[in-house]
Number of protein chains: 2
Amino acid sequence: MPKPSADSNQSTYQNAGVDLAAGEKAVMLMKDAVTGTYGPQVLAGIGSFGGLYDISELGHLAQPVLVASTDGVGTKTKVAAALNDFAGIGQDIVNHCINDILVQGAKPLFFLDYVAASKLEPEMIATIVSSAATACKQAGIALLGGETAEMPGVYAEGEFDLVGTIVGIVDREKIITGQRIKAGDQVLALMSGGLQTNGFSLARQVFGSRLLEPFGQHTIGQELLTPHRSYLDTVKPLLTKGLTTGMAHITGGGISGNLPRILPQGLAARIKTGSWPVPEIFKKIQTEGKINDTEMYRVFNMGAGFLLVVAAEQLETVLQQAPETLYHVGEIITGDGVSFV
Amino acid sequence: MPKPSADSNQSTYQNAGVDLAAGEKAVMLMKDAVTGTYGPQVLAGIGSFGGLYDISELGHLAQPVLVASTDGVGTKTKVAAALNDFAGIGQDIVNHCINDILVQGAKPLFFLDYVAASKLEPEMIATIVSSAATACKQAGIALLGGETAEMPGVYAEGEFDLVGTIVGIVDREKIITGQRIKAGDQVLALMSGGLQTNGFSLARQVFGSRLLEPFGQHTIGQELLTPHRSYLDTVKPLLTKGLTTGMAHITGGGISGNLPRILPQGLAARIKTGSWPVPEIFKKIQTEGKINDTEMYRVFNMGAGFLLVVAAEQLETVLQQAPETLYHVGEIITGDGVSFV
């Protein structure tokens, strides 16, 4: 199918299988949001296929290492489609990706998105991509390119998928692996405010068709769509000062599935439940779904969206210097895995 | 859902929503193929979230620019699913991406994949990812990471989508934009051997449920699944010698949609139909679908999968030095757009 290219700055946006006029309309609607993420590193207008990102200014790094990750938002797309609300889902995928590479100490550089559906409406594409652009702009990264595809028969009617890829950079000696974590280190949590992008299969099973029922100031569906936040602004200054020995982004698998991924052999984490505020939505899911604690902490972040491990002697410094409230939720001990006490 | 991580070298492979045992089985099945793409630049085993690619050896570039592109394979996935044949589709997406950034003169560095379906079988995931690994290895790039997602209800039963992201690098002064193209330059074509990854909506419409009918030595379906080839090996030596002024990867939109994307204002291309061999499958699609020439050349590559523009005085040199047969298919003239003569 023809690839609309209304503007050279937008030309890395491709629209496969989408009606030409619809594709051009989508590009027009999202153009300002996307170009608003471009810094001087983006060589816009001189290439019309892949996005171009100049890294020559990064030459001060002793041994630059690119960090890349691809991810989706899972069946959070089903909630967005059911509510016809796409304003936050672009932020979800961008911030999910930013956090995924942040745990390795990477500074994000640019992001690319892929949106596919049974049918793509220009307004829907533009809302999703503009939402992604908002998160990119907030993080200071470029929305360098993307692809939209209309694939009737592959996607169920009215459904869509959203995939993102992020590329960041880190100096090799600054890569955070968790290998410096030692027994006695303390675990701090940053609050997620919601499900982020995991546990939607279970949440949808619990609520079924009740997404429009009231919940607090809005509905259950809107609460579930609370955008995945970025932890970059809070973590970056701590990282610069070398104040963390390891980080975990609490995605699918919860604390018990993600924290062990960074722990050196022979170390475990003891997490004190009740030491941070669990958002109401998780309590509602647990009560109505009659789900036990183990399962809840295995599927959901339970409000603790991102964990920082810090040396005991730096605990007070980190708590004081962090630009937001951190919760002291546990400690590193000898052993294996994660225990909740 | 828990993220299976059977091996630290494989830990950038995530499996969202996929049963733990199935995820581990898939990782086991594809492990050797994926790690076989790792060169010394891949820092495997020291990080467990994003993939790590050391670019410090690229410090000889005066002004390094990253080139990135995300793409899908469109509804070629429907043919693969219908035939339960996933052996080539991974090559499709890798090579499509390689060619997309090759037109800008970029050397590919690494690739990430995303596979999502209504239901993911370990053997299917492993076949697709191993197929991608085959193409990565052939091109000398790393299959740095990926994600699989099982999303029943989002994908129609038995269907899947496959998305790829590539990152390459080029020295800023070596970026090919097409701006050096001038009237009198000649157009050469590299043969695709098939549909590549475009025009599948129309091809499927023409053949309907007749994918298992004989075609040559195999079936129509198998012919349609002919993998998208990479043009890297043939183009790279010509690029190194500065023998091309512009390149176009003939994807959706055909020659008429893609070649103008690189032509400077005021220049057009005159393409001589009949100057290269059009594969039988296109003739069959045209005859059985009663499709006119304009439409055929707008939707399909018609066998000319990649175009090189070269200065007239270098035409003979390029034809002689190219490691495969190039077809002299046209020339650049003053004007606008593409005309077929």
# chains A, B, ... in the order shown; residues from 1 in each chain; ligands from 1
>>> closest_atom_pairs(of="chain B", to="chain A", cutoff="6 Å", atoms="only C-alpha atoms", output="CSV")
residue,atom,partner,partner_atom,distance
B:Met1,CA,A:Gly252,CA,4.6
B:Pro2,CA,A:Gly253,CA,4.1
B:Gly47,CA,A:Thr177,CA,5.6
B:Gly50,CA,A:Ser69,CA,4.9
B:Gly51,CA,A:Ala68,CA,5.2
B:Leu52,CA,A:Val67,CA,4.7
B:Tyr53,CA,A:Leu66,CA,5.0
B:Asp54,CA,A:Val65,CA,4.1
B:Ile55,CA,A:Val65,CA,5.6
B:Ser56,CA,A:Gln63,CA,5.1
B:Gln63,CA,A:Ser56,CA,5.1
B:Pro64,CA,A:Ser56,CA,5.4
B:Val65,CA,A:Asp54,CA,4.1
B:Leu66,CA,A:Tyr53,CA,5.0
B:Val67,CA,A:Leu52,CA,4.7
B:Ala68,CA,A:Gly50,CA,5.2
B:Ser69,CA,A:Gly50,CA,4.8
B:Thr70,CA,A:Gly146,CA,5.9
B:Asp71,CA,A:Glu147,CA,5.9
B:Ile101,CA,A:Gly50,CA,5.5
B:Gly146,CA,A:Thr70,CA,6.0
B:Glu147,CA,A:Asp71,CA,6.0
B:Val154,CA,A:Glu159,CA,5.3
B:Tyr155,CA,A:Tyr155,CA,4.4
B:Ala156,CA,A:Ala156,CA,4.7
B:Glu159,CA,A:Val154,CA,5.3
B:Thr177,CA,A:Gly47,CA,5.6
B:Gly252,CA,A:Met1,CA,4.4
B:Gly253,CA,A:Pro2,CA,4.0
B:Gly257,CA,A:Pro2,CA,5.8
B:Val299,CA,A:Met1,CA,5.8
>>> write_last_selection(atoms="N, CA and C atoms", output="tab-separated table (two decimals), in the first residue's frame")
chain	number	residue	atom	x	y	z
B	1	MET	N	2.56	-11.97	34.75
B	1	MET	CA	2.96	-13.39	34.68
B	1	MET	C	4.46	-13.50	34.93
B	2	PRO	N	4.91	-14.61	35.45
B	2	PRO	CA	6.35	-14.78	35.68
B	2	PRO	C	7.09	-14.74	34.35
B	47	GLY	N	23.71	-8.42	32.15
B	47	GLY	CA	22.50	-7.66	32.41
B	47	GLY	C	21.31	-8.54	32.13
B	50	GLY	N	17.32	-5.11	29.55
B	50	GLY	CA	17.53	-4.78	28.14
B	50	GLY	C	18.75	-5.48	27.58
B	51	GLY	N	18.83	-5.60	26.25
B	51	GLY	CA	20.01	-6.16	25.61
B	51	GLY	C	21.11	-5.11	25.56
B	52	LEU	N	22.35	-5.55	25.73
B	52	LEU	CA	23.47	-4.61	25.79
B	52	LEU	C	24.39	-4.79	24.59
B	53	TYR	N	24.67	-3.70	23.88
B	53	TYR	CA	25.49	-3.76	22.68
B	53	TYR	C	26.57	-2.68	22.76
B	54	ASP	N	27.81	-3.12	22.89
B	54	ASP	CA	28.96	-2.22	23.05
B	54	ASP	C	29.32	-1.58	21.71
B	55	ILE	N	29.27	-0.24	21.65
B	55	ILE	CA	29.60	0.44	20.39
B	55	ILE	C	30.93	1.16	20.45
B	56	SER	N	31.75	0.86	21.47
B	56	SER	CA	33.00	1.62	21.59
B	56	SER	C	33.94	1.38	20.42
B	63	GLN	N	31.30	11.13	12.81
B	63	GLN	CA	30.08	11.62	13.44
B	63	GLN	C	29.02	10.52	13.36
B	64	PRO	N	29.08	9.60	14.31
B	64	PRO	CA	28.19	8.44	14.24
B	64	PRO	C	26.71	8.81	14.41
B	65	VAL	N	25.89	8.26	13.52
B	65	VAL	CA	24.45	8.49	13.57
B	65	VAL	C	23.77	7.12	13.63
B	66	LEU	N	22.89	6.93	14.62
B	66	LEU	CA	22.12	5.69	14.68
B	66	LEU	C	20.93	5.82	13.74
B	67	VAL	N	20.62	4.72	13.06
B	67	VAL	CA	19.46	4.68	12.17
B	67	VAL	C	18.56	3.57	12.68
B	68	ALA	N	17.31	3.90	12.97
B	68	ALA	CA	16.41	2.91	13.56
B	68	ALA	C	15.10	2.83	12.81
B	69	SER	N	14.55	1.63	12.73
B	69	SER	CA	13.28	1.43	12.04
B	69	SER	C	12.51	0.28	12.66
B	70	THR	N	11.21	0.46	12.78
B	70	THR	CA	10.30	-0.58	13.27
B	70	THR	C	9.36	-0.95	12.14
B	71	ASP	N	9.10	-2.23	11.97
B	71	ASP	CA	8.17	-2.64	10.93
B	71	ASP	C	7.52	-3.98	11.25
B	101	ILE	N	16.94	0.23	6.28
B	101	ILE	CA	17.96	1.20	6.71
B	101	ILE	C	19.18	1.20	5.78
B	146	GLY	N	13.94	-9.64	22.60
B	146	GLY	CA	12.63	-9.82	22.01
B	146	GLY	C	11.59	-10.00	23.08
B	147	GLU	N	10.37	-10.07	22.63
B	147	GLU	CA	9.25	-10.22	23.55
B	147	GLU	C	8.21	-11.09	22.85
B	154	VAL	N	-7.47	-10.44	21.75
B	154	VAL	CA	-6.93	-9.32	20.97
B	154	VAL	C	-6.63	-9.83	19.56
B	155	TYR	N	-5.96	-10.99	19.49
B	155	TYR	CA	-5.70	-11.61	18.20
B	155	TYR	C	-6.82	-12.61	17.90
B	156	ALA	N	-7.20	-12.69	16.64
B	156	ALA	CA	-8.19	-13.68	16.22
B	156	ALA	C	-7.59	-15.07	16.40
B	159	GLU	N	-4.26	-16.65	14.80
B	159	GLU	CA	-3.51	-15.60	14.10
B	159	GLU	C	-2.41	-15.04	15.00
B	177	THR	N	21.01	10.11	0.89
B	177	THR	CA	19.68	10.74	0.95
B	177	THR	C	19.00	10.77	-0.41
B	252	GLY	N	5.61	-1.59	0.24
B	252	GLY	CA	4.26	-1.18	-0.13
B	252	GLY	C	4.27	0.11	-0.93
B	253	GLY	N	3.51	0.13	-2.02
B	253	GLY	CA	3.53	1.30	-2.89
B	253	GLY	C	4.30	1.04	-4.17
B	257	GLY	N	5.60	4.17	-5.67
B	257	GLY	CA	5.43	4.77	-4.36
B	257	GLY	C	6.73	4.99	-3.62
B	299	VAL	N	1.12	-1.97	-6.12
B	299	VAL	CA	0.98	-2.83	-4.94
B	299	VAL	C	2.19	-3.74	-4.73
>>> calpha_fit_and_write(fixed="chain A", moving="chain B", output="compact mmCIF listing (two decimals) with C-alpha atoms, in the first residue's frame")
# COMPACT_ATOMS: atom_id res chain seq x y z
CA MET B 1 -0.15 0.06 -0.04
CA PRO B 2 1.11 3.60 -0.63
CA LYS B 3 3.00 5.04 2.29
CA PRO B 4 1.64 8.47 3.13
CA SER B 5 4.34 10.98 3.76
CA ALA B 6 2.73 14.36 4.29
CA ASP B 7 5.87 15.89 5.70
CA SER B 8 9.52 14.92 5.60
CA ASN B 9 9.73 15.28 9.37
CA GLN B 10 7.04 12.67 9.61
CA SER B 11 8.28 10.40 6.94
CA THR B 12 9.58 7.73 9.28
CA TYR B 13 5.94 7.12 10.13
CA GLN B 14 4.63 4.42 7.87
CA ASN B 15 1.08 3.22 7.60
CA ALA B 16 0.80 -0.27 6.16
CA GLY B 17 -2.56 -1.30 4.85
CA VAL B 18 -4.14 1.93 5.99
CA ASP B 19 -6.16 3.96 3.53
CA LEU B 20 -3.98 6.77 2.09
CA ALA B 21 -6.27 9.60 3.17
CA ALA B 22 -6.65 8.11 6.67
CA GLY B 23 -2.89 7.73 6.97
CA GLU B 24 -2.31 11.33 5.94
CA LYS B 25 -4.96 12.53 8.35
CA ALA B 26 -3.34 10.62 11.21
CA VAL B 27 0.07 12.05 10.35
CA MET B 28 -1.40 15.56 10.27
CA LEU B 29 -3.07 15.06 13.64
CA MET B 30 0.03 13.79 15.41
CA LYS B 31 2.71 15.76 13.59
CA ASP B 32 3.25 18.54 16.12
CA ALA B 33 3.32 16.14 19.06
CA VAL B 34 5.95 13.97 17.41
CA THR B 35 8.21 16.74 16.12
CA GLY B 36 7.95 18.33 19.57
CA THR B 37 10.09 15.46 20.88
CA TYR B 38 12.96 16.19 18.48
CA GLY B 39 16.16 17.56 19.90
CA PRO B 40 19.18 18.56 17.80
CA GLN B 41 20.27 14.91 17.70
CA VAL B 42 17.38 14.00 15.43
CA LEU B 43 18.35 14.54 11.81
CA ALA B 44 14.87 15.20 10.51
CA GLY B 45 14.20 15.86 6.90
CA ILE B 46 17.45 14.50 5.56
CA GLY B 47 16.34 10.91 5.42
CA SER B 48 13.03 9.42 4.58
CA PHE B 49 13.24 5.79 5.69
CA GLY B 50 14.72 5.00 9.11
CA GLY B 51 14.89 7.61 11.87
CA LEU B 52 18.31 9.22 12.30
CA TYR B 53 19.79 9.98 15.72
CA ASP B 54 23.22 11.61 15.96
CA ILE B 55 25.25 10.19 18.86
CA SER B 56 28.49 12.06 18.24
CA GLU B 57 27.85 14.22 21.33
CA LEU B 58 28.06 11.06 23.43
CA GLY B 59 31.76 10.71 22.60
CA HIS B 60 32.66 11.61 26.20
CA LEU B 61 31.62 8.13 27.34
CA ALA B 62 34.65 5.92 27.90
CA GLN B 63 32.98 2.79 26.54
CA PRO B 64 29.49 3.49 25.27
CA VAL B 65 27.03 0.60 25.39
CA LEU B 66 23.59 0.74 23.77
CA VAL B 67 20.77 -0.77 25.80
CA ALA B 68 17.68 -1.82 23.86
CA SER B 69 14.34 -3.32 24.81
CA THR B 70 11.09 -4.18 23.02
CA ASP B 71 7.84 -4.59 24.89
CA GLY B 72 4.07 -4.48 24.63
CA VAL B 73 1.38 -3.34 27.03
CA GLY B 74 -0.38 -6.71 27.14
CA THR B 75 -4.15 -6.81 27.38
CA LYS B 76 -4.33 -3.31 28.84
CA THR B 77 -5.18 -2.64 25.18
CA LYS B 78 -8.48 -4.48 25.70
CA VAL B 79 -9.50 -2.11 28.49
CA ALA B 80 -8.51 0.92 26.39
CA ALA B 81 -10.47 -0.43 23.42
CA ALA B 82 -13.51 -1.24 25.56
CA LEU B 83 -13.53 2.31 26.96
CA ASN B 84 -12.52 3.86 23.63
CA ASP B 85 -9.91 5.74 25.66
CA PHE B 86 -6.43 5.83 24.14
CA ALA B 87 -5.09 8.95 25.87
CA GLY B 88 -2.81 7.14 28.32
CA ILE B 89 -1.78 3.95 26.55
CA GLY B 90 1.03 5.62 24.61
CA GLN B 91 2.52 6.86 27.89
CA ASP B 92 2.20 3.31 29.22
CA ILE B 93 4.44 1.76 26.61
CA VAL B 94 7.02 4.57 26.60
CA ASN B 95 7.36 4.65 30.38
CA HIS B 96 7.39 0.87 30.64
CA CYS B 97 10.35 0.80 28.24
CA ILE B 98 12.15 3.70 29.97
CA ASN B 99 11.91 1.92 33.33
CA ASP B 100 13.04 -1.40 31.83
CA ILE B 101 16.39 0.00 30.73
CA LEU B 102 16.68 2.41 33.68
CA VAL B 103 17.35 -0.58 35.95
CA GLN B 104 20.60 -1.11 34.06
CA GLY B 105 21.55 2.52 34.53
CA ALA B 106 20.76 3.52 30.94
CA LYS B 107 19.86 7.00 29.81
CA PRO B 108 17.08 6.67 27.22
CA LEU B 109 17.78 8.21 23.80
CA PHE B 110 14.87 7.41 21.53
CA PHE B 111 11.72 5.34 21.11
CA LEU B 112 9.83 3.75 18.22
CA ASP B 113 6.23 2.56 18.29
CA TYR B 114 4.09 0.04 16.42
CA VAL B 115 0.29 0.21 16.48
CA ALA B 116 -1.78 -2.44 14.72
CA ALA B 117 -5.49 -3.13 14.75
CA SER B 118 -8.35 -4.70 12.89
CA LYS B 119 -9.21 -1.19 11.76
CA LEU B 120 -7.23 1.99 12.39
CA GLU B 121 -9.06 5.28 12.70
CA PRO B 122 -6.89 8.38 12.19
CA GLU B 123 -8.05 9.87 15.52
CA MET B 124 -7.17 6.68 17.38
CA ILE B 125 -3.68 6.43 15.85
CA ALA B 126 -3.06 10.11 16.51
CA THR B 127 -4.24 9.86 20.13
CA ILE B 128 -2.02 6.85 20.86
CA VAL B 129 1.04 8.32 19.16
CA SER B 130 0.50 11.74 20.74
CA SER B 131 0.24 10.05 24.12
CA ALA B 132 3.56 8.33 23.46
CA ALA B 133 5.01 11.67 22.38
CA THR B 134 3.91 13.26 25.66
CA ALA B 135 5.88 10.68 27.64
CA CYS B 136 8.87 10.97 25.31
CA LYS B 137 8.93 14.74 25.69
CA GLN B 138 8.68 14.46 29.46
CA ALA B 139 11.68 12.12 29.49
CA GLY B 140 13.65 14.19 26.99
CA ILE B 141 13.79 11.44 24.39
CA ALA B 142 12.88 11.45 20.71
CA LEU B 143 9.92 9.62 19.25
CA LEU B 144 12.10 8.65 16.31
CA GLY B 145 9.73 6.59 14.23
CA GLY B 146 6.89 4.19 14.11
CA GLU B 147 4.64 2.00 12.08
CA THR B 148 0.90 1.52 11.96
CA ALA B 149 -0.71 -1.50 10.37
CA GLU B 150 -4.31 -2.33 9.63
CA MET B 151 -4.72 -6.09 9.73
CA PRO B 152 -8.36 -7.19 9.64
CA GLY B 153 -8.66 -10.90 10.37
CA VAL B 154 -5.40 -10.96 12.34
CA TYR B 155 -6.75 -8.72 15.10
CA ALA B 156 -10.19 -9.39 16.55
CA GLU B 157 -12.73 -6.73 15.65
CA GLY B 158 -12.22 -3.54 17.64
CA GLU B 159 -8.96 -4.73 19.19
CA PHE B 160 -5.40 -3.45 18.78
CA ASP B 161 -1.86 -4.07 19.92
CA LEU B 162 0.78 -1.53 20.86
CA VAL B 163 4.50 -2.33 20.85
CA GLY B 164 7.42 -0.11 21.71
CA THR B 165 11.16 -0.26 21.35
CA ILE B 166 13.56 1.90 23.27
CA VAL B 167 17.27 2.51 22.82
CA GLY B 168 19.36 4.03 25.56
CA ILE B 169 23.02 4.37 26.37
CA VAL B 170 25.26 3.74 29.36
CA ASP B 171 28.98 3.82 29.96
CA ARG B 172 30.15 0.24 30.35
CA GLU B 173 31.63 0.79 33.80
CA LYS B 174 28.38 2.41 34.96
CA ILE B 175 26.11 -0.51 34.03
CA ILE B 176 24.06 -1.53 37.08
CA THR B 177 23.85 -5.30 37.30
CA GLY B 178 22.99 -5.88 40.95
CA GLN B 179 26.29 -7.69 41.47
CA ARG B 180 27.37 -5.07 44.03
CA ILE B 181 24.33 -5.86 46.19
CA LYS B 182 25.33 -7.36 49.55
CA ALA B 183 23.57 -8.72 52.63
CA GLY B 184 22.42 -5.84 54.78
CA ASP B 185 21.52 -3.58 51.85
CA GLN B 186 18.11 -1.98 52.18
CA VAL B 187 15.20 -2.02 49.73
CA LEU B 188 13.25 1.12 48.88
CA ALA B 189 10.09 1.36 46.81
CA LEU B 190 8.75 4.02 44.47
CA MET B 191 4.99 4.13 44.21
CA SER B 192 3.33 3.08 40.93
CA GLY B 193 -0.15 4.41 41.55
CA GLY B 194 -1.72 1.49 39.69
CA LEU B 195 -1.30 -1.72 37.74
CA GLN B 196 1.24 -0.21 35.33
CA THR B 197 1.02 -2.61 32.36
CA ASN B 198 0.80 -5.98 34.07
CA GLY B 199 -1.83 -8.23 35.55
CA PHE B 200 -4.55 -7.22 33.13
CA SER B 201 -5.63 -10.74 32.28
CA LEU B 202 -6.46 -11.38 35.93
CA ALA B 203 -7.95 -7.92 36.54
CA ARG B 204 -10.21 -8.24 33.50
CA GLN B 205 -11.29 -11.67 34.66
CA VAL B 206 -12.27 -10.25 38.06
CA PHE B 207 -14.20 -7.25 36.76
CA GLY B 208 -15.62 -8.79 33.59
CA SER B 209 -18.00 -6.32 31.96
CA ARG B 210 -18.11 -4.02 35.01
CA LEU B 211 -15.53 -1.54 33.70
CA LEU B 212 -18.03 1.33 33.79
CA GLU B 213 -18.99 0.86 37.45
CA PRO B 214 -18.00 3.77 39.70
CA PHE B 215 -14.65 3.65 41.47
CA GLY B 216 -13.67 6.69 43.54
CA GLN B 217 -14.02 9.77 41.36
CA HIS B 218 -14.30 7.80 38.12
CA THR B 219 -14.84 4.20 36.93
CA ILE B 220 -13.11 0.88 37.41
CA GLY B 221 -12.01 0.96 33.77
CA GLN B 222 -10.50 4.42 34.09
CA GLU B 223 -8.71 3.37 37.27
CA LEU B 224 -7.23 0.35 35.46
CA LEU B 225 -6.04 2.66 32.69
CA THR B 226 -3.99 4.82 35.11
CA PRO B 227 -0.84 5.37 33.01
CA HIS B 228 2.36 3.55 33.79
CA ARG B 229 4.64 6.22 35.23
CA SER B 230 8.31 6.84 34.55
CA TYR B 231 10.78 6.58 37.44
CA LEU B 232 13.54 8.30 35.48
CA ASP B 233 13.40 11.76 37.06
CA THR B 234 13.55 10.40 40.59
CA VAL B 235 16.15 7.73 39.98
CA LYS B 236 18.54 9.66 37.71
CA PRO B 237 20.03 11.96 40.39
CA LEU B 238 20.51 9.00 42.76
CA LEU B 239 22.16 7.06 39.95
CA THR B 240 24.49 9.94 39.10
CA LYS B 241 25.66 10.00 42.71
CA GLY B 242 26.18 6.23 42.75
CA LEU B 243 23.60 5.80 45.50
CA THR B 244 22.06 2.51 44.37
CA THR B 245 23.48 -1.01 44.11
CA GLY B 246 20.58 -2.44 42.13
CA MET B 247 17.14 -1.68 40.75
CA ALA B 248 14.11 -3.71 39.73
CA HIS B 249 11.17 -2.62 37.61
CA ILE B 250 8.17 -4.48 39.02
CA THR B 251 6.44 -5.83 35.92
CA GLY B 252 4.82 -9.22 35.34
CA GLY B 253 5.83 -11.58 38.12
CA GLY B 254 5.58 -8.90 40.79
CA ILE B 255 8.26 -8.33 43.41
CA SER B 256 8.83 -12.07 43.80
CA GLY B 257 9.44 -12.51 40.08
CA ASN B 258 11.51 -9.42 39.38
CA LEU B 259 13.68 -8.61 42.40
CA PRO B 260 15.56 -11.97 42.32
CA ARG B 261 16.64 -11.22 38.75
CA ILE B 262 19.23 -8.74 40.06
CA LEU B 263 20.31 -10.49 43.27
CA PRO B 264 23.74 -12.15 43.34
CA GLN B 265 23.81 -15.88 44.05
CA GLY B 266 23.21 -16.62 47.73
CA LEU B 267 21.25 -13.45 48.48
CA ALA B 268 17.54 -13.04 49.12
CA ALA B 269 15.16 -10.22 49.91
CA ARG B 270 12.87 -9.91 52.93
CA ILE B 271 9.97 -7.60 52.06
CA LYS B 272 7.77 -6.20 54.80
CA THR B 273 4.18 -6.06 53.59
CA GLY B 274 2.30 -3.14 55.03
CA SER B 275 5.35 -0.91 54.87
CA TRP B 276 3.97 0.97 51.86
CA PRO B 277 0.44 2.03 50.93
CA VAL B 278 -1.26 -0.51 48.64
CA PRO B 279 -3.64 1.34 46.28
CA GLU B 280 -7.36 0.63 46.69
CA ILE B 281 -7.67 -0.96 43.25
CA PHE B 282 -5.51 -3.90 44.33
CA LYS B 283 -7.62 -4.40 47.45
CA LYS B 284 -10.74 -4.41 45.32
CA ILE B 285 -9.26 -6.93 42.88
CA GLN B 286 -8.20 -9.17 45.77
CA THR B 287 -11.54 -9.02 47.59
CA GLU B 288 -13.78 -9.43 44.60
CA GLY B 289 -11.57 -12.04 42.95
CA LYS B 290 -11.01 -13.92 46.24
CA ILE B 291 -7.31 -14.05 45.43
CA ASN B 292 -4.74 -15.01 48.04
CA ASP B 293 -1.78 -12.81 48.97
CA THR B 294 0.80 -14.97 47.24
CA GLU B 295 -1.04 -14.75 43.95
CA MET B 296 -1.63 -10.98 44.32
CA TYR B 297 2.07 -10.32 44.94
CA ARG B 298 3.01 -12.64 42.08
CA VAL B 299 0.79 -10.95 39.50
CA PHE B 300 0.68 -7.28 40.54
CA ASN B 301 3.17 -4.64 41.65
CA MET B 302 0.81 -3.88 44.59
CA GLY B 303 1.79 -0.21 44.46
CA ALA B 304 5.54 -0.80 44.60
CA GLY B 305 6.32 -0.16 40.95
CA PHE B 306 10.08 0.19 41.15
CA LEU B 307 12.58 -0.98 43.76
CA LEU B 308 15.93 0.53 44.66
CA VAL B 309 18.54 -1.39 46.61
CA VAL B 310 20.88 0.84 48.62
CA ALA B 311 23.72 0.24 51.06
CA ALA B 312 22.53 0.51 54.68
CA GLU B 313 24.89 3.40 55.40
CA GLN B 314 23.39 5.39 52.51
CA LEU B 315 19.76 4.76 53.41
CA GLU B 316 19.19 8.10 55.15
CA THR B 317 21.00 10.05 52.43
CA VAL B 318 18.84 8.47 49.73
CA LEU B 319 15.60 9.01 51.64
CA GLN B 320 16.51 12.68 52.15
CA GLN B 321 17.81 13.39 48.65
CA ALA B 322 15.10 11.64 46.66
CA PRO B 323 12.75 14.11 44.98
CA GLU B 324 9.72 12.03 45.99
CA THR B 325 8.68 9.86 48.93
CA LEU B 326 10.47 6.52 48.95
CA TYR B 327 9.22 3.72 51.18
CA HIS B 328 11.62 1.55 53.11
CA VAL B 329 10.14 -1.85 52.32
CA GLY B 330 12.74 -4.45 53.11
CA GLU B 331 16.30 -5.68 53.23
CA ILE B 332 18.74 -8.03 51.58
CA ILE B 333 19.66 -11.15 53.52
CA THR B 334 21.53 -14.35 52.77
CA GLY B 335 19.35 -17.02 51.22
CA ASP B 336 17.36 -17.42 48.04
CA GLY B 337 14.32 -15.68 46.55
CA VAL B 338 11.91 -13.23 48.17
CA SER B 339 10.07 -13.72 51.43
CA PHE B 340 7.19 -11.50 52.55
CA VAL B 341 6.92 -10.83 56.27
>>> select_by_dssp(residues="stretch 180-325 of chain A", states="alpha helix (DSSP H)", output="VMD selection string")
chain A and resid 200 to 207 220 to 224 232 to 240 254 to 258 280 to 289 293 to 299 315 to 321
>>> write_last_selection(atoms="C-alpha atoms", output="CSV table (one decimal), in the first residue's frame")
chain,number,residue,atom,x,y,z
A,200,PHE,CA,-4.6,-7.2,33.1
A,201,SER,CA,-5.6,-10.7,32.3
A,202,LEU,CA,-6.5,-11.4,35.9
A,203,ALA,CA,-8.0,-7.9,36.5
A,204,ARG,CA,-10.2,-8.2,33.5
A,205,GLN,CA,-11.3,-11.7,34.7
A,206,VAL,CA,-12.3,-10.3,38.1
A,207,PHE,CA,-14.2,-7.3,36.8
A,220,ILE,CA,-13.1,0.9,37.4
A,221,GLY,CA,-12.0,1.0,33.8
A,222,GLN,CA,-10.5,4.4,34.1
A,223,GLU,CA,-8.7,3.4,37.3
A,224,LEU,CA,-7.2,0.3,35.5
A,232,LEU,CA,13.5,8.3,35.5
A,233,ASP,CA,13.4,11.8,37.1
A,234,THR,CA,13.6,10.4,40.6
A,235,VAL,CA,16.1,7.7,40.0
A,236,LYS,CA,18.5,9.7,37.7
A,237,PRO,CA,20.0,11.9,40.4
A,238,LEU,CA,20.5,9.0,42.8
A,239,LEU,CA,22.2,7.0,40.0
A,240,THR,CA,24.5,9.9,39.1
A,254,GLY,CA,5.6,-8.9,40.8
A,255,ILE,CA,8.3,-8.3,43.4
A,256,SER,CA,8.8,-12.1,43.8
A,257,GLY,CA,9.5,-12.5,40.1
A,258,ASN,CA,11.5,-9.4,39.4
A,280,GLU,CA,-7.4,0.6,46.7
A,281,ILE,CA,-7.7,-1.0,43.2
A,282,PHE,CA,-5.5,-3.9,44.3
A,283,LYS,CA,-7.6,-4.4,47.5
A,284,LYS,CA,-10.8,-4.4,45.3
A,285,ILE,CA,-9.3,-6.9,42.9
A,286,GLN,CA,-8.2,-9.2,45.8
A,287,THR,CA,-11.5,-9.0,47.6
A,288,GLU,CA,-13.8,-9.4,44.6
A,289,GLY,CA,-11.6,-12.0,43.0
A,293,ASP,CA,-1.8,-12.8,49.0
A,294,THR,CA,0.8,-15.0,47.2
A,295,GLU,CA,-1.0,-14.7,43.9
A,296,MET,CA,-1.6,-11.0,44.3
A,297,TYR,CA,2.1,-10.3,44.9
A,298,ARG,CA,3.0,-12.6,42.1
A,299,VAL,CA,0.8,-10.9,39.5
A,315,LEU,CA,19.8,4.8,53.4
A,316,GLU,CA,19.2,8.1,55.2
A,317,THR,CA,21.0,10.0,52.4
A,318,VAL,CA,18.9,8.5,49.7
A,319,LEU,CA,15.6,9.0,51.7
A,320,GLN,CA,16.5,12.7,52.2
A,321,GLN,CA,17.8,13.4,48.7
>>> select_by_dssp(residues="stretch 137-302 of chain B", states="strand (DSSP E or B)", output="NGL selection string")
:B and (142-150 or 152 or 155 or 160-171 or 186-191 or 214-215 or 218-219 or 246-249 or 267-271)
